[in-house]
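Asks: What follows is a single structure, and I will ask about it in a moment.
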Amino acid sequence: ALKIQLVNSIPGRPQDKGKVERFFLTLFQQLLEGLPGYALKVKAIFTLTQFSVILEEFIVDIYHKTPHGTTGIASIDRCNGDGFLPFSY
């Protein structure tokens with residue numbers, strides 16, 4: 001079991017879901033800002049299928065392999081190492 005618990009947050013309170021908001025910020029800064037069509041400067045040129053491939057490549061090849069700014073450990077290494085889940089039942 002993954003030990004995941006659904007926690008609803010209040011709309012308009014990004015601090016209630018900080019990890020998700022931080023991932024979105026990283027996504028915007030490291031991926032989306034460099035793509036054609038970002039901020040409507042030029043027309044987007046990707047289909048949903050093409051963008052899905054770009055997003056998957058970013059997550060697998062860059063995001064998961066980049067060391068975390070605080071821990072210095074890449075998320076893929078943390079996931080594959082000991083103690084990925086913060087607690088056990």
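Just so we're on the same page: first chain in the structure tokens is A, next is B, and so on; residues restart at 1 for each chain, and ligands are numbered from 1 in the order they show up.
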Would you list the contacts of Lys65 of chain A as a list in words, taking every protein, DNA or RNA residue within 8 Å and counting only C-alpha atoms, but skipping same-chain residues closer than 4 positions in sequence?
Replies: Val60, Asp61, Ala74, Ser75, Ile76 and Asp77 of chain A
Asks: Just C-alpha atoms for this one: save the residues we selected as an mmCIF file, in the first residue's frame.
Replies:
```cif
data_model
loop_
_atom_site.group_PDB
_atom_site.id
_atom_site.type_symbol
_atom_site.label_atom_id
_atom_site.label_comp_id
_atom_site.auth_asym_id
_atom_site.auth_seq_id
_atom_site.Cartn_x
_atom_site.Cartn_y
_atom_site.Cartn_z
ATOM 1 C CA VAL A 60 11.846 11.242 -16.102
ATOM 2 C CA ASP A 61 15.074 12.725 -17.480
ATOM 3 C CA ALA A 74 17.619 13.476 -6.446
ATOM 4 C CA SER A 75 13.991 12.425 -6.031
ATOM 5 C CA ILE A 76 14.572 9.176 -7.931
ATOM 6 C CA ASP A 77 17.390 8.278 -5.533
#
```
Asks: What residues in chain A get the DSSP label helix (DSSP H, G or I)? Please answer as number ranges by chain.
Replies: A: 14-30, 32-34, 38-40, 48-61, 63-65, 75-80
Asks: Would you mind reading off the distance between atom CA of Ile59 of chain A and atom CA of Leu31 of chain A, one decimal, in Å?
Replies: 9.6 Å
Asks: Under the rule that only C-alpha atoms are counted, which of A:Gly34, A:Gly18, A:Gly12, A:Gly72 is the nearest residue to Phe58 of chain A?
Replies: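 Selected residue with least distance to Phe58 of chain A: A:Gly34.
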Asks: Please identify all polymer residues within 12 Å of Thr26 of chain A, counting only C-alpha atoms, omitting same-chain residues fewer than 3 positions from it, and present them as a list in words.
Replies: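 These residues fall inside the cut-off: Lys19, Val20, Glu21, Arg22, Phe23, Gln29, Gln30, Leu31, Leu32, Glu33, Phe58, Ile59, Ile62, Tyr63, His64, Thr66, His68 and Gly69 of chain A.
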